[in-house]
Amino acid sequence: MERANCTNIIFSSSATVYQPAKTIDDLPLSEESPTGGTTNPYARSKLHVEEILADACVANSNLSVVNLRYFNPVGAHESGLIGEDPRGIPNNLMPYVSQVAIGRRPHLNVFGNDYPTHDGTGMRDYIHVVDLAKGHLAAMKRFDTASRGFESYNLGTGQGTSVFELVNAFREASGRPIPTVTVERRAGDVAWLWCAPDKALKDLDWKATRNISDMCRDMWRFQFRSMNPSGYVADNSEEQESTISSVISDDDSDESKRSDSGLSSDDDSNAIFPKLKLTMSPAKSIFHRYINKLTSSKKHHGL
Ligand SMILES: O=c1ccn([C@@H]2O[C@H](COP(=O)(O)OP(=O)(O)O[C@H]3O[C@H](CO)[C@@H](O)[C@H](O)[C@H]3O)[C@@H](O)[C@H]2O)c(=O)[nH]1
């Protein structure tokens with residue numbers, strides 16, 4: 001980092017670094033809530049990196065780390081072109097529900113209906129992936145204004161949604177039946193998890209603006225209305241190239257849309273990914289173009 005003269009870092013951390021809430025009184029989780037007591041390697045690795053970065057900031061007063069603790073990112077870009085299409089059986093709730101809605105899986109297994117929540121199912125703080133992306137842009141601006149050091153921020157909506165509530169929202173968004181079968185609790189799951197996102201509002205001027213209906217609508221659009229009705233299939237067709245190009249150039253030509261998707265107006269992306277031919281998936285290709293644009297934005301912020 002020193003050799004590259006890089007002193008600004010955004011770290012993608014996770015809500016799993018917090019100690020599980022024992023009762024509802026422990027919620028919402030603020031950045032001051034206790035961390036640790038992690039029960040899986042993923043959570044432990046996130047916490048370790050947080051600690052290393054915090055120590056590094058003490059050792060080097062030039063360093064600035066914005067540590068973003070994601071809650072449950074879901075959904076897709078509203079274009080329907082960028083989204084999550086896991087191979088095999090999805091582990092996470094939203095992609096599984098989406099595959100049941102499209103008919104790829106017969107039903108959703110609901111992992112436990114005996115949690116101490118209002119309907120017995122686990123509750124999470126789901127956040128739209130576009131809100132999450134915009135949280136990163138807000139975090140980048142902080143480097144221009146704030147003092148150096150290590151600072152953590154929760155990125156969530158502050159709202160808990162149960163499994164059944166999410167399934168109902170998806171039924172409404174898709175107009176499809178989504179059969180459910182209640183099974184045993186999944187090992188390692190906690191009853192509830194949602195945050196207080198106030199610090200991000202105060203310091204980063206950021207808050208999530210998309211609700212659970214928006215998340216389901218955009219996920220369904222990606223699953224059904226886009227070119228991915230039955231999962232991603234590699235295809236280099238010119239038709240797909242032109243669809244993607246038009247989405248990108250729409251973003252380029254529309255300032256309000258651009259700020260909504262967090263894109264910089266500059267485009268020196270070819271410096272990083274010189275030739276973007278569709279030898280990758282359309283969604284991956286469009287993702288790389290967005291990353292290129294973010295990269296050019298980063299340059300403005302000295303990252
Ligand atoms: O087929 C399924 C999948 C999930 N669930 C339930 O749905 C809720 C959400 O589960 P899931 O989407 O798997 O998210 P989490 O287990 O909360 O974990 C996610 O959210 C964490 C942040 O909070 C990240 O660290 C993890 O990587 C990410 O998988 C939980 O109550 C699960 O029990 C089901 O009932 N059936």
# chains A, B, ... in the order shown; residues from 1 in each chain; ligands from 1

call {"tool": "residues_near_ligand", "arguments": {"ligand": "ligand 1", "cutoff": "7 Å", "atoms": "only C-alpha atoms and all ligand atoms", "output": "PyMOL selection string"}}
result
chain A and resi 14-16+43+70-72+91-94+96+108-112+121-124+163+185-186+189-191

call {"tool": "residues_around", "arguments": {"residues": "A:Val17", "least_positions_apart": "2", "cutoff": "10 Å", "atoms": "only C-alpha atoms", "output": "JSON, numbers by chain"}}
result
{"A": [13, 14, 15, 19, 20, 34, 35, 36, 37, 38, 39, 42, 43, 44, 45, 46, 47, 48, 50, 69]}

call {"tool": "residues_around", "arguments": {"residues": "stretch 142-154 of chain A", "least_positions_apart": "4", "cutoff": "8 Å", "atoms": "only C-alpha atoms", "output": "list in words"}}
result
Asn8, Ala15, Ser30, Glu31, Leu53, Ala54, Cys57, Val58, Ser61, Asn62, Leu63, Ser64, Val65, Val66, Asn67, Leu68, Arg69, Tyr70, Phe71, Ala138, Cys195, Ala196, Pro197, Lys199, Ala200, Asp203, Leu204 and His301 of chain A

call {"tool": "write_last_selection", "arguments": {"atoms": "C-alpha atoms", "output": "mmCIF file, in the first residue's frame"}}
result
data_model
loop_
_atom_site.group_PDB
_atom_site.id
_atom_site.type_symbol
_atom_site.label_atom_id
_atom_site.label_comp_id
_atom_site.auth_asym_id
_atom_site.auth_seq_id
_atom_site.Cartn_x
_atom_site.Cartn_y
_atom_site.Cartn_z
ATOM 1 C CA ASN A 8 -7.416 5.500 1.565
ATOM 2 C CA ALA A 15 -22.927 -7.576 9.943
ATOM 3 C CA SER A 30 -25.094 0.220 16.252
ATOM 4 C CA GLU A 31 -21.416 0.529 15.431
ATOM 5 C CA LEU A 53 -6.853 -2.212 9.597
ATOM 6 C CA ALA A 54 -7.655 -0.480 12.900
ATOM 7 C CA CYS A 57 -4.352 3.259 11.332
ATOM 8 C CA VAL A 58 -2.831 3.599 14.805
ATOM 9 C CA SER A 61 -1.526 8.370 10.987
ATOM 10 C CA ASN A 62 -1.740 8.983 7.218
ATOM 11 C CA LEU A 63 -4.074 6.024 6.736
ATOM 12 C CA SER A 64 -7.833 6.426 6.445
ATOM 13 C CA VAL A 65 -10.094 3.363 6.530
ATOM 14 C CA VAL A 66 -13.857 3.440 6.030
ATOM 15 C CA ASN A 67 -15.101 0.091 7.283
ATOM 16 C CA LEU A 68 -18.522 -0.753 5.820
ATOM 17 C CA ARG A 69 -20.561 -3.403 7.605
ATOM 18 C CA TYR A 70 -23.040 -4.757 5.071
ATOM 19 C CA PHE A 71 -26.290 -6.224 6.319
ATOM 20 C CA ALA A 138 -20.656 8.242 -0.149
ATOM 21 C CA CYS A 195 -29.017 -2.198 12.302
ATOM 22 C CA ALA A 196 -29.216 1.431 13.230
ATOM 23 C CA PRO A 197 -27.867 3.171 10.096
ATOM 24 C CA LYS A 199 -24.091 7.103 11.753
ATOM 25 C CA ALA A 200 -23.873 6.657 7.974
ATOM 26 C CA ASP A 203 -21.240 11.316 8.593
ATOM 27 C CA LEU A 204 -21.667 10.075 5.011
ATOM 28 C CA HIS A 301 -10.816 11.032 -4.750
#

call {"tool": "residues_around", "arguments": {"residues": "A:Asn211", "least_positions_apart": "2", "cutoff": "8 Å", "atoms": "only C-alpha atoms", "output": "JSON, numbers by chain"}}
result
{"A": [127, 128, 209, 213, 214, 215]}

call {"tool": "residues_around", "arguments": {"residues": "A:Leu27", "least_positions_apart": "4", "cutoff": "8 Å", "atoms": "only C-alpha atoms", "output": "NGL selection string"}}
result
:A and (21 or 23 or 193-195)

call {"tool": "write_last_selection", "arguments": {"atoms": "N, CA and C atoms", "output": "PDB file, in the first residue's frame"}}
result
ATOM      1  N   ALA A  21     -27.530 -10.916  18.672  1.00  0.00           N
ATOM      2  CA  ALA A  21     -28.432 -10.306  19.658  1.00  0.00           C
ATOM      3  C   ALA A  21     -29.149 -11.409  20.428  1.00  0.00           C
ATOM      4  N   THR A  23     -31.609 -10.873  22.822  1.00  0.00           N
ATOM      5  CA  THR A  23     -33.030 -10.515  22.878  1.00  0.00           C
ATOM      6  C   THR A  23     -33.245  -9.344  21.939  1.00  0.00           C
ATOM      7  N   LEU A 193     -31.571  -9.758  13.091  1.00  0.00           N
ATOM      8  CA  LEU A 193     -30.371  -8.970  12.819  1.00  0.00           C
ATOM      9  C   LEU A 193     -30.801  -7.737  12.033  1.00  0.00           C
ATOM     10  N   TRP A 194     -30.806  -6.600  12.671  1.00  0.00           N
ATOM     11  CA  TRP A 194     -30.964  -5.364  11.895  1.00  0.00           C
ATOM     12  C   TRP A 194     -30.211  -4.239  12.575  1.00  0.00           C
ATOM     13  N   CYS A 195     -29.960  -3.210  11.815  1.00  0.00           N
ATOM     14  CA  CYS A 195     -29.017  -2.198  12.302  1.00  0.00           C
ATOM     15  C   CYS A 195     -29.672  -0.848  12.540  1.00  0.00           C
TER      16      CYS A 195
END

call {"tool": "residues_around", "arguments": {"residues": "A:Gln223", "least_positions_apart": "6", "cutoff": "12 Å", "atoms": "only C-alpha atoms", "output": "ChimeraX atom specification"}}
result
/A:75-86,94-104,170,173-174,216-217,229-232,283

call {"tool": "write_last_selection", "arguments": {"atoms": "C-alpha atoms", "output": "mmCIF file, in the first residue's frame"}}
result
data_model
loop_
_atom_site.group_PDB
_atom_site.id
_atom_site.type_symbol
_atom_site.label_atom_id
_atom_site.label_comp_id
_atom_site.auth_asym_id
_atom_site.auth_seq_id
_atom_site.Cartn_x
_atom_site.Cartn_y
_atom_site.Cartn_z
ATOM 1 C CA GLY A 75 -31.902 -7.461 -5.445
ATOM 2 C CA ALA A 76 -30.445 -6.465 -8.774
ATOM 3 C CA HIS A 77 -29.837 -3.400 -10.914
ATOM 4 C CA GLU A 78 -33.134 -1.971 -12.088
ATOM 5 C CA SER A 79 -32.081 -2.533 -15.733
ATOM 6 C CA GLY A 80 -32.486 -6.272 -15.138
ATOM 7 C CA LEU A 81 -29.000 -6.813 -16.563
ATOM 8 C CA ILE A 82 -26.901 -7.056 -13.422
ATOM 9 C CA GLY A 83 -27.846 -9.454 -10.695
ATOM 10 C CA GLU A 84 -26.962 -12.531 -8.753
ATOM 11 C CA ASP A 85 -27.500 -15.841 -10.505
ATOM 12 C CA PRO A 86 -25.840 -18.443 -8.325
ATOM 13 C CA MET A 94 -33.640 -14.091 -2.069
ATOM 14 C CA PRO A 95 -32.040 -16.028 -4.948
ATOM 15 C CA TYR A 96 -33.740 -19.206 -3.741
ATOM 16 C CA VAL A 97 -37.148 -17.526 -3.603
ATOM 17 C CA SER A 98 -36.564 -16.096 -7.071
ATOM 18 C CA GLN A 99 -35.778 -19.553 -8.466
ATOM 19 C CA VAL A 100 -38.964 -20.963 -6.915
ATOM 20 C CA ALA A 101 -40.968 -18.128 -8.486
ATOM 21 C CA ILE A 102 -39.529 -18.849 -11.943
ATOM 22 C CA GLY A 103 -40.264 -22.575 -11.507
ATOM 23 C CA ARG A 104 -36.694 -23.810 -11.278
ATOM 24 C CA PHE A 170 -41.850 -11.572 -3.809
ATOM 25 C CA ALA A 173 -43.672 -8.525 -7.246
ATOM 26 C CA SER A 174 -43.760 -11.625 -9.443
ATOM 27 C CA CYS A 216 -38.101 -8.014 -5.008
ATOM 28 C CA ARG A 217 -39.215 -6.103 -8.127
ATOM 29 C CA PRO A 229 -35.046 -16.503 -17.401
ATOM 30 C CA SER A 230 -33.322 -19.768 -16.694
ATOM 31 C CA GLY A 231 -29.922 -18.661 -15.564
ATOM 32 C CA TYR A 232 -26.942 -17.218 -17.344
ATOM 33 C CA ALA A 283 -23.992 -9.288 -16.677
#

call {"tool": "select_by_dssp", "arguments": {"residues": "stretch 1-240 of chain A", "states": "strand (DSSP E)", "output": "NGL selection string"}}
result
:A and (8-14 or 64-70 or 72-74 or 108-111 or 123-124 or 126-128 or 149-155 or 161-162 or 180-183 or 192-193)

call {"tool": "residues_around", "arguments": {"residues": "A:Lys207", "least_positions_apart": "3", "cutoff": "10 Å", "atoms": "only C-alpha atoms", "output": "mmCIF file with all heavy atoms, in the first residue's frame"}}
result
data_model
loop_
_atom_site.group_PDB
_atom_site.id
_atom_site.type_symbol
_atom_site.label_atom_id
_atom_site.label_comp_id
_atom_site.auth_asym_id
_atom_site.auth_seq_id
_atom_site.Cartn_x
_atom_site.Cartn_y
_atom_site.Cartn_z
ATOM 1 N N ASP A 131 -28.436 0.570 -3.403
ATOM 2 C CA ASP A 131 -28.206 1.397 -2.208
ATOM 3 C C ASP A 131 -26.828 1.097 -1.622
ATOM 4 O O ASP A 131 -26.120 1.999 -1.180
ATOM 5 C CB ASP A 131 -29.281 1.123 -1.141
ATOM 6 C CG ASP A 131 -30.569 1.901 -1.410
ATOM 7 O OD1 ASP A 131 -30.473 3.001 -2.000
ATOM 8 O OD2 ASP A 131 -31.646 1.416 -1.028
ATOM 9 N N LEU A 132 -26.484 -0.174 -1.624
ATOM 10 C CA LEU A 132 -25.170 -0.565 -1.077
ATOM 11 C C LEU A 132 -24.043 0.059 -1.911
ATOM 12 O O LEU A 132 -23.082 0.616 -1.358
ATOM 13 C CB LEU A 132 -25.053 -2.087 -1.094
ATOM 14 C CG LEU A 132 -23.872 -2.670 -0.331
ATOM 15 C CD1 LEU A 132 -24.083 -2.546 1.169
ATOM 16 C CD2 LEU A 132 -23.654 -4.126 -0.694
ATOM 17 N N LYS A 134 -24.184 2.737 -3.668
ATOM 18 C CA LYS A 134 -24.155 4.181 -3.406
ATOM 19 C C LYS A 134 -23.522 4.494 -2.050
ATOM 20 O O LYS A 134 -22.924 5.554 -1.870
ATOM 21 C CB LYS A 134 -25.578 4.736 -3.499
ATOM 22 C CG LYS A 134 -26.094 4.704 -4.936
ATOM 23 C CD LYS A 134 -27.527 5.126 -5.041
ATOM 24 C CE LYS A 134 -27.621 6.628 -5.013
ATOM 25 N NZ LYS A 134 -29.007 7.069 -5.291
ATOM 26 N N GLY A 135 -23.636 3.555 -1.121
ATOM 27 C CA GLY A 135 -22.966 3.724 0.170
ATOM 28 C C GLY A 135 -21.452 3.823 -0.002
ATOM 29 O O GLY A 135 -20.780 4.563 0.720
ATOM 30 N N ALA A 138 -20.582 7.290 -1.275
ATOM 31 C CA ALA A 138 -20.656 8.242 -0.149
ATOM 32 C C ALA A 138 -19.416 8.098 0.724
ATOM 33 O O ALA A 138 -18.855 9.097 1.199
ATOM 34 C CB ALA A 138 -21.924 7.975 0.650
ATOM 35 N N LEU A 155 -24.244 -0.456 6.914
ATOM 36 C CA LEU A 155 -25.037 -0.196 5.707
ATOM 37 C C LEU A 155 -26.229 -1.152 5.708
ATOM 38 O O LEU A 155 -26.107 -2.343 5.407
ATOM 39 C CB LEU A 155 -24.206 -0.374 4.433
ATOM 40 C CG LEU A 155 -23.056 0.607 4.214
ATOM 41 C CD1 LEU A 155 -22.445 0.428 2.821
ATOM 42 C CD2 LEU A 155 -23.469 2.065 4.406
ATOM 43 N N GLY A 156 -27.358 -0.624 6.098
ATOM 44 C CA GLY A 156 -28.612 -1.383 6.125
ATOM 45 C C GLY A 156 -29.747 -0.373 6.087
ATOM 46 O O GLY A 156 -29.511 0.841 6.038
ATOM 47 N N THR A 157 -30.979 -0.887 6.119
ATOM 48 C CA THR A 157 -32.128 0.029 6.092
ATOM 49 C C THR A 157 -32.598 0.394 7.496
ATOM 50 O O THR A 157 -33.324 1.358 7.685
ATOM 51 C CB THR A 157 -33.329 -0.615 5.368
ATOM 52 O OG1 THR A 157 -33.707 -1.792 6.105
ATOM 53 C CG2 THR A 157 -32.981 -1.001 3.943
ATOM 54 N N GLY A 158 -32.242 -0.456 8.477
ATOM 55 C CA GLY A 158 -32.764 -0.272 9.836
ATOM 56 C C GLY A 158 -34.086 -1.005 10.045
ATOM 57 O O GLY A 158 -34.670 -0.929 11.124
ATOM 58 N N PRO A 197 -28.765 2.608 11.107
ATOM 59 C CA PRO A 197 -27.867 3.171 10.096
ATOM 60 C C PRO A 197 -27.601 4.670 10.284
ATOM 61 O O PRO A 197 -27.115 5.336 9.373
ATOM 62 C CB PRO A 197 -28.635 2.916 8.795
ATOM 63 C CG PRO A 197 -30.072 2.899 9.197
ATOM 64 C CD PRO A 197 -30.163 2.553 10.650
ATOM 65 N N ASP A 198 -27.895 5.201 11.490
ATOM 66 C CA ASP A 198 -27.850 6.658 11.720
ATOM 67 C C ASP A 198 -26.467 7.280 11.499
ATOM 68 O O ASP A 198 -26.349 8.402 11.040
ATOM 69 C CB ASP A 198 -28.300 6.974 13.148
ATOM 70 C CG ASP A 198 -29.588 6.268 13.496
ATOM 71 O OD1 ASP A 198 -29.610 5.008 13.461
ATOM 72 O OD2 ASP A 198 -30.577 6.945 13.797
ATOM 73 N N LYS A 199 -25.434 6.523 11.865
ATOM 74 C CA LYS A 199 -24.091 7.103 11.753
ATOM 75 C C LYS A 199 -23.735 7.377 10.281
ATOM 76 O O LYS A 199 -23.125 8.399 9.962
ATOM 77 C CB LYS A 199 -23.072 6.148 12.387
ATOM 78 C CG LYS A 199 -21.680 6.737 12.483
ATOM 79 C CD LYS A 199 -20.726 5.765 13.183
ATOM 80 C CE LYS A 199 -19.295 6.222 13.071
ATOM 81 N NZ LYS A 199 -18.337 5.183 13.507
ATOM 82 N N ALA A 200 -24.153 6.459 9.404
ATOM 83 C CA ALA A 200 -23.873 6.657 7.974
ATOM 84 C C ALA A 200 -24.621 7.884 7.457
ATOM 85 O O ALA A 200 -24.103 8.632 6.619
ATOM 86 C CB ALA A 200 -24.268 5.416 7.181
ATOM 87 N N LEU A 201 -25.821 8.116 7.963
ATOM 88 C CA LEU A 201 -26.576 9.303 7.546
ATOM 89 C C LEU A 201 -25.861 10.569 8.014
ATOM 90 O O LEU A 201 -25.673 11.517 7.257
ATOM 91 C CB LEU A 201 -28.003 9.243 8.101
ATOM 92 C CG LEU A 201 -28.885 10.441 7.761
ATOM 93 C CD1 LEU A 201 -29.045 10.603 6.252
ATOM 94 C CD2 LEU A 201 -30.264 10.321 8.413
ATOM 95 N N LYS A 202 -25.436 10.537 9.268
ATOM 96 C CA LYS A 202 -24.811 11.726 9.848
ATOM 97 C C LYS A 202 -23.466 12.039 9.187
ATOM 98 O O LYS A 202 -23.220 13.166 8.769
ATOM 99 C CB LYS A 202 -24.619 11.474 11.354
ATOM 100 C CG LYS A 202 -24.080 12.638 12.129
ATOM 101 C CD LYS A 202 -24.204 12.346 13.628
ATOM 102 C CE LYS A 202 -23.065 12.922 14.417
ATOM 103 N NZ LYS A 202 -21.807 12.221 14.339
ATOM 104 N N LEU A 204 -21.860 10.315 6.457
ATOM 105 C CA LEU A 204 -21.667 10.075 5.011
ATOM 106 C C LEU A 204 -22.791 10.673 4.170
ATOM 107 O O LEU A 204 -22.751 10.608 2.944
ATOM 108 C CB LEU A 204 -21.598 8.562 4.721
ATOM 109 C CG LEU A 204 -20.607 7.721 5.531
ATOM 110 C CD1 LEU A 204 -20.689 6.245 5.121
ATOM 111 C CD2 LEU A 204 -19.185 8.234 5.340
ATOM 112 N N ARG A 210 -34.427 2.318 -1.005
ATOM 113 C CA ARG A 210 -35.240 1.281 -1.651
ATOM 114 C C ARG A 210 -35.756 0.294 -0.601
ATOM 115 O O ARG A 210 -34.996 -0.151 0.250
ATOM 116 C CB ARG A 210 -34.402 0.557 -2.710
ATOM 117 C CG ARG A 210 -34.071 1.432 -3.906
ATOM 118 C CD ARG A 210 -32.836 0.969 -4.637
ATOM 119 N NE ARG A 210 -32.544 1.815 -5.787
ATOM 120 C CZ ARG A 210 -31.904 2.983 -5.722
ATOM 121 N NH1 ARG A 210 -31.464 3.466 -4.550
ATOM 122 N NH2 ARG A 210 -31.702 3.700 -6.808
#

call {"tool": "closest_residue", "arguments": {"among": "A:Val130, A:Arg225, A:Asn40, A:Ser162", "to": "A:Trp192", "atoms": "only C-alpha atoms"}}
result
A:Ser162

call {"tool": "atom_distance", "arguments": {"atom1": "atom CA of A:Trp206", "atom2": "atom CA of A:Val49"}}
result
24.1 Å

call {"tool": "closest_residue", "arguments": {"among": "A:Arg105, A:Ala59, A:Asp125, A:Glu2", "to": "A:Ile178", "atoms": "only C-alpha atoms"}}
result
A:Arg105

call {"tool": "select_by_dssp", "arguments": {"residues": "stretch 153-232 of chain A", "states": "helix (DSSP H, G or I)", "output": "PyMOL selection string"}}
result
chain A and resi 163-174+198-204+212-225

call {"tool": "write_last_selection", "arguments": {"atoms": "C-alpha atoms", "output": "tab-separated table (two decimals), in the first residue's frame"}}
result
chain	number	residue	atom	x	y	z
A	163	VAL	CA	-38.74	-14.87	5.80
A	164	PHE	CA	-42.51	-14.98	5.34
A	165	GLU	CA	-42.66	-11.21	4.77
A	166	LEU	CA	-40.00	-11.44	2.09
A	167	VAL	CA	-41.78	-14.37	0.42
A	168	ASN	CA	-45.04	-12.40	0.39
A	169	ALA	CA	-43.32	-9.34	-1.09
A	170	PHE	CA	-41.85	-11.57	-3.81
A	171	ARG	CA	-45.26	-13.12	-4.54
A	172	GLU	CA	-46.61	-9.63	-5.09
A	173	ALA	CA	-43.67	-8.52	-7.25
A	174	SER	CA	-43.76	-11.63	-9.44
A	198	ASP	CA	-27.85	6.66	11.72
A	199	LYS	CA	-24.09	7.10	11.75
A	200	ALA	CA	-23.87	6.66	7.97
A	201	LEU	CA	-26.58	9.30	7.55
A	202	LYS	CA	-24.81	11.73	9.85
A	203	ASP	CA	-21.24	11.32	8.59
A	204	LEU	CA	-21.67	10.08	5.01
A	212	ILE	CA	-38.30	-4.64	0.25
A	213	SER	CA	-40.82	-4.29	-2.63
A	214	ASP	CA	-38.19	-2.52	-4.74
A	215	MET	CA	-35.67	-5.26	-3.94
A	216	CYS	CA	-38.10	-8.01	-5.01
A	217	ARG	CA	-39.21	-6.10	-8.13
A	218	ASP	CA	-35.64	-5.67	-9.38
A	219	MET	CA	-34.62	-9.22	-8.53
A	220	TRP	CA	-37.65	-10.54	-10.41
A	221	ARG	CA	-36.88	-8.31	-13.39
A	222	PHE	CA	-33.38	-9.75	-13.50
A	223	GLN	CA	-34.69	-13.30	-13.16
A	224	PHE	CA	-37.59	-13.06	-15.56
A	225	ARG	CA	-37.66	-9.99	-17.74
